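For reference, final17.pdb is printed below; it contains PDB, C-alpha atoms.
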ATOM      1  CA  ASP A 754       0.000   0.000   0.000  1.00  0.00           C
ATOM      2  CA  ALA A 755       1.209   3.505  -0.806  1.00  0.00           C
ATOM      3  CA  LYS A 756       2.578   5.621   2.015  1.00  0.00           C
ATOM      4  CA  THR A 757       0.822   8.848   2.937  1.00  0.00           C
ATOM      5  CA  THR A 758       2.067  12.077   4.478  1.00  0.00           C
ATOM      6  CA  GLN A 759      -0.181  14.329   6.531  1.00  0.00           C
ATOM      7  CA  PRO A 760       0.528  17.366   8.707  1.00  0.00           C
ATOM      8  CA  PRO A 761       0.519  16.378  12.373  1.00  0.00           C
ATOM      9  CA  SER A 762      -1.961  19.026  13.458  1.00  0.00           C
ATOM     10  CA  MET A 763      -4.252  21.779  12.186  1.00  0.00           C
ATOM     11  CA  ASP A 764      -6.599  24.316  13.697  1.00  0.00           C
ATOM     12  CA  CYS A 765      -9.849  25.492  12.182  1.00  0.00           C
ATOM     13  CA  ALA A 766     -12.336  28.098  13.354  1.00  0.00           C
ATOM     14  CA  GLU A 767     -15.830  26.819  14.033  1.00  0.00           C
ATOM     15  CA  GLY A 768     -18.097  27.344  11.041  1.00  0.00           C
ATOM     16  CA  ARG A 769     -15.238  27.647   8.581  1.00  0.00           C
ATOM     17  CA  ALA A 770     -14.144  25.031   6.070  1.00  0.00           C
ATOM     18  CA  ALA A 771     -11.465  22.625   7.221  1.00  0.00           C
ATOM     19  CA  ASN A 772      -9.095  21.561   4.445  1.00  0.00           C
ATOM     20  CA  LEU A 773      -6.951  18.577   5.355  1.00  0.00           C
ATOM     21  CA  PRO A 774      -4.163  17.710   2.892  1.00  0.00           C
ATOM     22  CA  CYS A 775      -2.604  14.338   2.179  1.00  0.00           C
ATOM     23  CA  ASN A 776       0.329  13.456  -0.039  1.00  0.00           C
ATOM     24  CA  HIS A 777       0.501  10.006  -1.629  1.00  0.00           C
ATOM     25  CA  SER A 778       3.047  10.338  -4.402  1.00  0.00           C
ATOM     26  CA  THR A 779       3.573   6.551  -4.800  1.00  0.00           C
ATOM     27  CA  ILE A 780      -0.082   5.669  -5.262  1.00  0.00           C
ATOM     28  CA  SER A 781      -0.771   2.868  -7.740  1.00  0.00           C
ATOM     29  CA  GLY A 782      -3.375   2.999 -10.463  1.00  0.00           C
ATOM     30  CA  ASN A 783      -5.885   0.760  -8.696  1.00  0.00           C
ATOM     31  CA  GLU A 784      -5.473   2.193  -5.205  1.00  0.00           C
ATOM     32  CA  TYR A 785      -8.211   4.267  -3.662  1.00  0.00           C
ATOM     33  CA  VAL A 786      -7.847   7.167  -1.237  1.00  0.00           C
ATOM     34  CA  TYR A 787      -9.814   6.632   1.989  1.00  0.00           C
ATOM     35  CA  TRP A 788     -10.394   9.015   4.841  1.00  0.00           C
ATOM     36  CA  TYR A 789     -11.314   7.950   8.354  1.00  0.00           C
ATOM     37  CA  ARG A 790     -11.373   9.890  11.588  1.00  0.00           C
ATOM     38  CA  GLN A 791     -11.197   8.936  15.209  1.00  0.00           C
ATOM     39  CA  ILE A 792     -12.812  11.096  17.825  1.00  0.00           C
ATOM     40  CA  HIS A 793     -11.346  10.634  21.281  1.00  0.00           C
ATOM     41  CA  SER A 794     -12.501   7.399  22.933  1.00  0.00           C
ATOM     42  CA  GLN A 795     -14.569   6.352  19.926  1.00  0.00           C
ATOM     43  CA  GLY A 796     -14.082   3.875  17.131  1.00  0.00           C
ATOM     44  CA  PRO A 797     -12.684   4.932  13.753  1.00  0.00           C
ATOM     45  CA  GLN A 798     -15.352   6.466  11.547  1.00  0.00           C
ATOM     46  CA  TYR A 799     -15.381   6.145   7.776  1.00  0.00           C
ATOM     47  CA  ILE A 800     -15.738   9.507   6.029  1.00  0.00           C
ATOM     48  CA  ILE A 801     -15.264   9.147   2.292  1.00  0.00           C
ATOM     49  CA  HIS A 802     -13.193   7.449  -0.391  1.00  0.00           C
ATOM     50  CA  GLY A 803     -12.409   7.922  -4.068  1.00  0.00           C
ATOM     51  CA  LEU A 804     -10.267   6.796  -6.985  1.00  0.00           C
ATOM     52  CA  LYS A 805      -9.678   9.808  -9.210  1.00  0.00           C
ATOM     53  CA  ASN A 806     -12.858  11.824  -9.442  1.00  0.00           C
ATOM     54  CA  ASN A 807     -13.832  14.271  -6.757  1.00  0.00           C
ATOM     55  CA  GLU A 808     -16.352  12.839  -4.330  1.00  0.00           C
ATOM     56  CA  THR A 809     -18.899  14.397  -2.015  1.00  0.00           C
ATOM     57  CA  ASN A 810     -21.182  12.952   0.622  1.00  0.00           C
ATOM     58  CA  GLU A 811     -23.134  14.263   3.583  1.00  0.00           C
ATOM     59  CA  MET A 812     -19.998  14.520   5.707  1.00  0.00           C
ATOM     60  CA  ALA A 813     -17.286  15.852   3.444  1.00  0.00           C
ATOM     61  CA  SER A 814     -15.785  16.379   0.010  1.00  0.00           C
ATOM     62  CA  LEU A 815     -12.692  14.696  -1.349  1.00  0.00           C
ATOM     63  CA  ILE A 816     -10.587  16.460  -3.946  1.00  0.00           C
ATOM     64  CA  ILE A 817      -7.961  14.325  -5.706  1.00  0.00           C
ATOM     65  CA  THR A 818      -5.399  15.982  -7.964  1.00  0.00           C
ATOM     66  CA  GLU A 819      -5.260  14.964 -11.586  1.00  0.00           C
ATOM     67  CA  ASP A 820      -1.961  13.107 -11.120  1.00  0.00           C
ATOM     68  CA  ARG A 821      -3.457  11.453  -7.996  1.00  0.00           C
ATOM     69  CA  LYS A 822      -0.362  12.233  -5.962  1.00  0.00           C
ATOM     70  CA  SER A 823      -2.239  14.257  -3.386  1.00  0.00           C
ATOM     71  CA  SER A 824      -5.720  14.853  -2.081  1.00  0.00           C
ATOM     72  CA  THR A 825      -7.640  17.166   0.222  1.00  0.00           C
ATOM     73  CA  LEU A 826     -10.482  16.338   2.564  1.00  0.00           C
ATOM     74  CA  ILE A 827     -12.868  19.250   2.998  1.00  0.00           C
ATOM     75  CA  LEU A 828     -15.260  19.610   5.911  1.00  0.00           C
ATOM     76  CA  PRO A 829     -17.381  22.507   4.629  1.00  0.00           C
ATOM     77  CA  HIS A 830     -18.581  23.923   7.957  1.00  0.00           C
ATOM     78  CA  ALA A 831     -16.495  22.569  10.805  1.00  0.00           C
ATOM     79  CA  THR A 832     -18.124  22.155  14.204  1.00  0.00           C
ATOM     80  CA  LEU A 833     -16.629  21.394  17.593  1.00  0.00           C
ATOM     81  CA  ARG A 834     -17.737  17.785  17.100  1.00  0.00           C
ATOM     82  CA  ASP A 835     -15.341  17.514  14.162  1.00  0.00           C
ATOM     83  CA  THR A 836     -12.346  17.743  16.504  1.00  0.00           C
ATOM     84  CA  ALA A 837     -10.607  14.411  15.893  1.00  0.00           C
ATOM     85  CA  VAL A 838      -7.595  12.715  14.357  1.00  0.00           C
ATOM     86  CA  TYR A 839      -8.067  12.336  10.595  1.00  0.00           C
ATOM     87  CA  TYR A 840      -6.374   9.512   8.726  1.00  0.00           C
ATOM     88  CA  CYS A 841      -5.677   9.388   5.007  1.00  0.00           C
ATOM     89  CA  ILE A 842      -5.154   5.838   3.760  1.00  0.00           C
ATOM     90  CA  VAL A 843      -4.305   4.635   0.289  1.00  0.00           C
ATOM     91  CA  LEU A 844      -5.012   1.041  -0.602  1.00  0.00           C
ATOM     92  CA  TYR A 845      -6.679  -1.369  -2.942  1.00  0.00           C
ATOM     93  CA  SER A 846      -9.121  -3.400  -0.927  1.00  0.00           C
ATOM     94  CA  GLY A 847     -10.088  -6.640  -2.570  1.00  0.00           C
ATOM     95  CA  ALA A 848     -13.148  -8.709  -1.870  1.00  0.00           C
ATOM     96  CA  GLY A 849     -11.405 -10.627   0.877  1.00  0.00           C
ATOM     97  CA  SER A 850      -9.467  -9.439   3.857  1.00  0.00           C
ATOM     98  CA  TYR A 851      -7.654  -6.179   3.969  1.00  0.00           C
ATOM     99  CA  GLN A 852      -6.032  -4.532   6.915  1.00  0.00           C
ATOM    100  CA  LEU A 853      -6.525  -0.869   7.559  1.00  0.00           C
ATOM    101  CA  THR A 854      -3.217   0.662   8.549  1.00  0.00           C
ATOM    102  CA  PHE A 855      -3.531   4.033  10.205  1.00  0.00           C
ATOM    103  CA  GLY A 856      -0.517   6.315  10.234  1.00  0.00           C
ATOM    104  CA  LYS A 857      -0.209   9.211  12.653  1.00  0.00           C
ATOM    105  CA  GLY A 858      -2.910  11.252  10.932  1.00  0.00           C
ATOM    106  CA  THR A 859      -3.738  14.923  11.382  1.00  0.00           C
ATOM    107  CA  LYS A 860      -5.124  16.104  14.687  1.00  0.00           C
ATOM    108  CA  LEU A 861      -7.768  18.674  13.781  1.00  0.00           C
ATOM    109  CA  SER A 862      -8.782  21.082  16.510  1.00  0.00           C
ATOM    110  CA  VAL A 863     -11.922  23.106  15.828  1.00  0.00           C
ATOM    111  CA  ILE A 864     -11.786  26.318  17.826  1.00  0.00           C
ATOM    112  CA  PRO A 865     -14.883  28.223  18.973  1.00  0.00           C
TER     113      PRO A 865
ATOM    114  CA  ASN B 625     -29.267   3.252  13.431  1.00  0.00           C
ATOM    115  CA  ALA B 626     -27.289   0.761  15.522  1.00  0.00           C
ATOM    116  CA  GLY B 627     -24.518  -0.129  13.034  1.00  0.00           C
ATOM    117  CA  VAL B 628     -21.787  -2.097  14.842  1.00  0.00           C
ATOM    118  CA  THR B 629     -22.422  -2.678  18.532  1.00  0.00           C
ATOM    119  CA  GLN B 630     -19.737  -3.855  20.930  1.00  0.00           C
ATOM    120  CA  THR B 631     -20.184  -5.012  24.499  1.00  0.00           C
ATOM    121  CA  PRO B 632     -18.942  -4.498  27.106  1.00  0.00           C
ATOM    122  CA  LYS B 633     -17.454  -1.013  26.769  1.00  0.00           C
ATOM    123  CA  PHE B 634     -15.013  -1.568  29.644  1.00  0.00           C
ATOM    124  CA  GLN B 635     -13.700  -4.684  31.344  1.00  0.00           C
ATOM    125  CA  VAL B 636     -11.021  -5.499  33.898  1.00  0.00           C
ATOM    126  CA  LEU B 637      -9.740  -9.060  34.093  1.00  0.00           C
ATOM    127  CA  LYS B 638      -7.183 -10.917  36.115  1.00  0.00           C
ATOM    128  CA  THR B 639      -4.414 -12.826  34.383  1.00  0.00           C
ATOM    129  CA  GLY B 640      -5.632 -16.261  33.369  1.00  0.00           C
ATOM    130  CA  GLN B 641      -9.317 -15.398  33.249  1.00  0.00           C
ATOM    131  CA  SER B 642     -11.323 -15.922  30.103  1.00  0.00           C
ATOM    132  CA  MET B 643     -13.951 -13.740  28.551  1.00  0.00           C
ATOM    133  CA  THR B 644     -15.823 -13.046  25.347  1.00  0.00           C
ATOM    134  CA  LEU B 645     -16.058  -9.661  23.663  1.00  0.00           C
ATOM    135  CA  GLN B 646     -19.318  -9.349  21.796  1.00  0.00           C
ATOM    136  CA  CYS B 647     -19.811  -7.728  18.404  1.00  0.00           C
ATOM    137  CA  ALA B 648     -23.060  -7.454  16.477  1.00  0.00           C
ATOM    138  CA  GLN B 649     -23.955  -5.601  13.284  1.00  0.00           C
ATOM    139  CA  ASP B 650     -27.362  -4.945  11.769  1.00  0.00           C
ATOM    140  CA  MET B 651     -26.244  -3.938   8.255  1.00  0.00           C
ATOM    141  CA  ASN B 652     -26.234  -7.483   6.818  1.00  0.00           C
ATOM    142  CA  HIS B 653     -22.515  -7.172   6.132  1.00  0.00           C
ATOM    143  CA  GLU B 654     -20.763 -10.388   5.165  1.00  0.00           C
ATOM    144  CA  TYR B 655     -17.301  -9.311   6.260  1.00  0.00           C
ATOM    145  CA  MET B 656     -16.434  -8.743   9.916  1.00  0.00           C
ATOM    146  CA  SER B 657     -13.125  -8.273  11.675  1.00  0.00           C
ATOM    147  CA  TRP B 658     -11.483  -7.616  15.015  1.00  0.00           C
ATOM    148  CA  TYR B 659      -8.662  -5.133  15.581  1.00  0.00           C
ATOM    149  CA  ARG B 660      -6.716  -4.094  18.614  1.00  0.00           C
ATOM    150  CA  GLN B 661      -5.361  -0.579  19.026  1.00  0.00           C
ATOM    151  CA  ASP B 662      -2.379   0.124  21.238  1.00  0.00           C
ATOM    152  CA  PRO B 663      -0.631   3.465  21.781  1.00  0.00           C
ATOM    153  CA  GLY B 664       1.844   4.113  18.981  1.00  0.00           C
ATOM    154  CA  MET B 665       0.919   0.863  17.220  1.00  0.00           C
ATOM    155  CA  GLY B 666      -2.152   1.819  15.229  1.00  0.00           C
ATOM    156  CA  LEU B 667      -4.739  -0.811  14.352  1.00  0.00           C
ATOM    157  CA  ARG B 668      -3.672  -4.446  14.149  1.00  0.00           C
ATOM    158  CA  LEU B 669      -5.927  -7.118  12.644  1.00  0.00           C
ATOM    159  CA  ILE B 670      -6.598 -10.068  14.951  1.00  0.00           C
ATOM    160  CA  HIS B 671      -9.143 -12.242  13.109  1.00  0.00           C
ATOM    161  CA  TYR B 672     -11.635 -11.753  10.338  1.00  0.00           C
ATOM    162  CA  SER B 673     -14.572 -13.515   8.728  1.00  0.00           C
ATOM    163  CA  VAL B 674     -15.877 -13.296   5.162  1.00  0.00           C
ATOM    164  CA  GLY B 675     -19.178 -14.922   6.052  1.00  0.00           C
ATOM    165  CA  ALA B 676     -21.006 -17.206   8.450  1.00  0.00           C
ATOM    166  CA  GLY B 677     -18.960 -20.315   9.186  1.00  0.00           C
ATOM    167  CA  ILE B 678     -15.728 -18.871   7.741  1.00  0.00           C
ATOM    168  CA  THR B 679     -12.975 -17.293   9.825  1.00  0.00           C
ATOM    169  CA  ASP B 680      -9.293 -16.643   9.320  1.00  0.00           C
ATOM    170  CA  GLN B 681      -6.315 -15.195  11.150  1.00  0.00           C
ATOM    171  CA  GLY B 682      -5.017 -11.682  10.855  1.00  0.00           C
ATOM    172  CA  GLU B 683      -1.710 -10.186  11.899  1.00  0.00           C
ATOM    173  CA  VAL B 684      -1.880 -10.913  15.653  1.00  0.00           C
ATOM    174  CA  PRO B 685      -4.161 -13.951  16.259  1.00  0.00           C
ATOM    175  CA  ASN B 686      -2.343 -15.651  19.131  1.00  0.00           C
ATOM    176  CA  GLY B 687      -4.356 -15.837  22.338  1.00  0.00           C
ATOM    177  CA  TYR B 688      -7.671 -15.132  20.629  1.00  0.00           C
ATOM    178  CA  ASN B 689     -10.401 -17.322  19.154  1.00  0.00           C
ATOM    179  CA  VAL B 690     -13.374 -16.390  17.021  1.00  0.00           C
ATOM    180  CA  SER B 691     -16.425 -18.044  15.545  1.00  0.00           C
ATOM    181  CA  ARG B 692     -19.122 -16.857  13.156  1.00  0.00           C
ATOM    182  CA  SER B 693     -22.337 -18.807  13.471  1.00  0.00           C
ATOM    183  CA  THR B 694     -24.560 -16.008  12.146  1.00  0.00           C
ATOM    184  CA  THR B 695     -24.101 -13.069   9.782  1.00  0.00           C
ATOM    185  CA  GLU B 696     -24.835 -10.623  12.594  1.00  0.00           C
ATOM    186  CA  ASP B 697     -22.501 -11.777  15.365  1.00  0.00           C
ATOM    187  CA  PHE B 698     -18.730 -12.170  15.577  1.00  0.00           C
ATOM    188  CA  PRO B 699     -17.549 -12.760  19.165  1.00  0.00           C
ATOM    189  CA  LEU B 700     -13.887 -12.626  20.178  1.00  0.00           C
ATOM    190  CA  ARG B 701     -12.742 -14.976  22.934  1.00  0.00           C
ATOM    191  CA  LEU B 702      -9.747 -14.592  25.179  1.00  0.00           C
ATOM    192  CA  LEU B 703      -9.070 -18.062  26.535  1.00  0.00           C
ATOM    193  CA  SER B 704      -6.491 -17.161  29.190  1.00  0.00           C
ATOM    194  CA  ALA B 705      -5.992 -13.428  29.502  1.00  0.00           C
ATOM    195  CA  ALA B 706      -2.464 -12.017  29.699  1.00  0.00           C
ATOM    196  CA  PRO B 707      -1.331  -8.462  30.562  1.00  0.00           C
ATOM    197  CA  SER B 708      -0.059  -8.097  26.970  1.00  0.00           C
ATOM    198  CA  GLN B 709      -3.688  -8.251  25.841  1.00  0.00           C
ATOM    199  CA  THR B 710      -4.506  -5.003  27.615  1.00  0.00           C
ATOM    200  CA  SER B 711      -5.748  -2.878  24.746  1.00  0.00           C
ATOM    201  CA  VAL B 712      -8.722  -1.280  23.054  1.00  0.00           C
ATOM    202  CA  TYR B 713     -10.539  -3.739  20.823  1.00  0.00           C
ATOM    203  CA  PHE B 714     -12.550  -2.671  17.794  1.00  0.00           C
ATOM    204  CA  CYS B 715     -14.932  -4.729  15.728  1.00  0.00           C
ATOM    205  CA  ALA B 716     -15.607  -3.690  12.146  1.00  0.00           C
ATOM    206  CA  SER B 717     -17.858  -4.834   9.333  1.00  0.00           C
ATOM    207  CA  ARG B 718     -18.266  -4.108   5.634  1.00  0.00           C
ATOM    208  CA  ARG B 719     -19.975  -5.359   2.534  1.00  0.00           C
ATOM    209  CA  THR B 720     -18.098  -7.879   0.420  1.00  0.00           C
ATOM    210  CA  GLY B 721     -16.745  -6.671  -2.866  1.00  0.00           C
ATOM    211  CA  VAL B 722     -13.840  -4.463  -3.740  1.00  0.00           C
ATOM    212  CA  ASN B 723     -13.227  -1.109  -2.133  1.00  0.00           C
ATOM    213  CA  GLN B 724     -15.938  -1.306   0.457  1.00  0.00           C
ATOM    214  CA  PRO B 725     -15.271   0.883   3.530  1.00  0.00           C
ATOM    215  CA  GLN B 726     -15.196  -0.589   7.007  1.00  0.00           C
ATOM    216  CA  HIS B 727     -17.591   0.516   9.736  1.00  0.00           C
ATOM    217  CA  PHE B 728     -16.388   0.292  13.319  1.00  0.00           C
ATOM    218  CA  GLY B 729     -17.945  -0.132  16.724  1.00  0.00           C
ATOM    219  CA  ASP B 730     -17.023   2.119  19.630  1.00  0.00           C
ATOM    220  CA  GLY B 731     -14.622  -0.373  21.116  1.00  0.00           C
ATOM    221  CA  THR B 732     -14.071  -2.405  24.274  1.00  0.00           C
ATOM    222  CA  ARG B 733     -11.423  -1.113  26.645  1.00  0.00           C
ATOM    223  CA  LEU B 734      -9.848  -4.152  28.277  1.00  0.00           C
ATOM    224  CA  SER B 735      -7.387  -4.097  31.164  1.00  0.00           C
ATOM    225  CA  ILE B 736      -5.697  -7.255  32.378  1.00  0.00           C
ATOM    226  CA  LEU B 737      -4.031  -7.145  35.749  1.00  0.00           C
TER     227      LEU B 737
END
Entire entry expressed as structure tokens:
Amino acid sequence: DAKTTQPPSMDCAEGRAANLPCNHSTISGNEYVYWYRQIHSQGPQYIIHGLKNNETNEMASLIITEDRKSSTLILPHATLRDTAVYYCIVLYSGAGSYQLTFGKGTKLSVIP
Amino acid sequence: NAGVTQTPKFQVLKTGQSMTLQCAQDMNHEYMSWYRQDPGMGLRLIHYSVGAGITDQGEVPNGYNVSRSTTEDFPLRLLSAAPSQTSVYFCASRRTGVNQPQHFGDGTRLSIL
């Protein structure tokens, strides 16, 4: 699986958009970009994933560059409840087993 | 929506005791798995199941047993607890097929004295 690089921490004002970057310069053609987050004392929460097109769901948007070497997770209107560690993961997950490997992630602090 | 439910949320055991961590999902997902999360270690896969009656080992299976008699339930058994098994345990499920995201429970925090 391709390695990812994320900033260790970011701050965001409540109500503003939070833009979390991720570099994955060694991504392979069939590998997807996944984003999960982990709020303190809770289980990891799936946010969004994509291959090469931009994706949007009720939680966030995912912007993947044309060369697929980096991506940005956008939380359009951050709230205090979005304070968490955000993990960018690049992998191809087949129909069988795959292991999610979380790196250090980005600790996002949403500030009132 | 219940999603993935784990019980208990907290447990303290003595070395040598046995116990079962429960995991249930109501999304009709075929695939279920157990992870442990330790400080600085990230998530490590213990066991997984691709459907009822089918289980297999992950990265760190020693000391743990699993079974999958129904689609909904995937219990994790510690036969003889050891202090090295002190950890936070997460159960996850997903649909079969490629590139399906995993959905996690809120975890069981287990301390073994």
Residue list as a PyMOL selection string for point (-6.8, -8.7, 14.8), cut-off 8 Å, only C-alpha atoms: chain B and resi 657-660+668-672+681-685
Chain B contacts to chain A at 8 Å (all atoms listed in the file) as a ChimeraX atom specification: /B:666-669,672,674,714,720-731
Ground truth for the PyMOL selection byres ((chain A and resi 834) around 10), written as a list of chain:residue names: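 Output of the PyMOL selection byres ((chain A and resi 834) around 10): A:Glu767, A:Ile792, A:Ala831, A:Thr832, A:Leu833, A:Asp835, A:Thr836, A:Ala837, A:Ser862, A:Val863.
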Atom pair CA of Ala648 (chain B) / CA of Gly627 (chain B): separation (Å): 8.2 Å
Between CA of Ser711 (chain B) and CA of Ser642 (chain B) - distance in Å to one decimal: 15.2 Å
Separation of CA of Leu645 (chain B) from CA of Pro663 (chain B), in Å and rounded to one decimal: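 Computing it gives 20.3 Å between the two atoms.
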Given all atoms listed in the file as the counted atoms, nearest of B:Gln641, B:Thr710, B:Ser735, B:Gln649 to Thr695 (chain B): B:Gln649
Reference answer for the PyMOL selection byres ((chain B and resi 689) around 6), as a PyMOL selection string: chain B and resi 688+690+700-701
So for region 778-788 of chain A, what box centre and size do we get, axis-aligned, 8 Å extra on each of the six sides, every listed atom, Å to one decimal, as lines of an AutoDock Vina configuration file?
center_x = -3.4
center_y = 5.5
center_z = -2.8
size_x = 30.0
size_y = 25.6
size_z = 31.3
Residue IDs satisfying the PyMOL selection byres ((chain A and resi 771) around 10), as a VMD selection string: chain A and resid 763 to 770 772 to 774 813 825 to 832 835 861 to 863
Residues near Lys805 (chain A), cut-off 8 Å, all atoms listed in the file, skip fewer than 3 positions along chain, as a ChimeraX atom specification: /A:785,817-819,821
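Shortest atom-to-atom contact with Val712 (chain B) among B:Lys638, B:Lys633, B:Arg733, B:His653: B:Arg733, counting only C-alpha atoms.
With distances restricted to all atoms listed in the file, B:Gln661 is the closest residue to Tyr713 (chain B) from B:Ser691, B:Gln661, B:Thr639, B:Asn652.
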Minimum-distance residue to Pro707 (chain B), chosen among B:Met665, B:Met643, B:Ala676, B:Leu734 (using all atoms listed in the file):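 Closest residue, counting all atoms listed in the file: B:Leu734.
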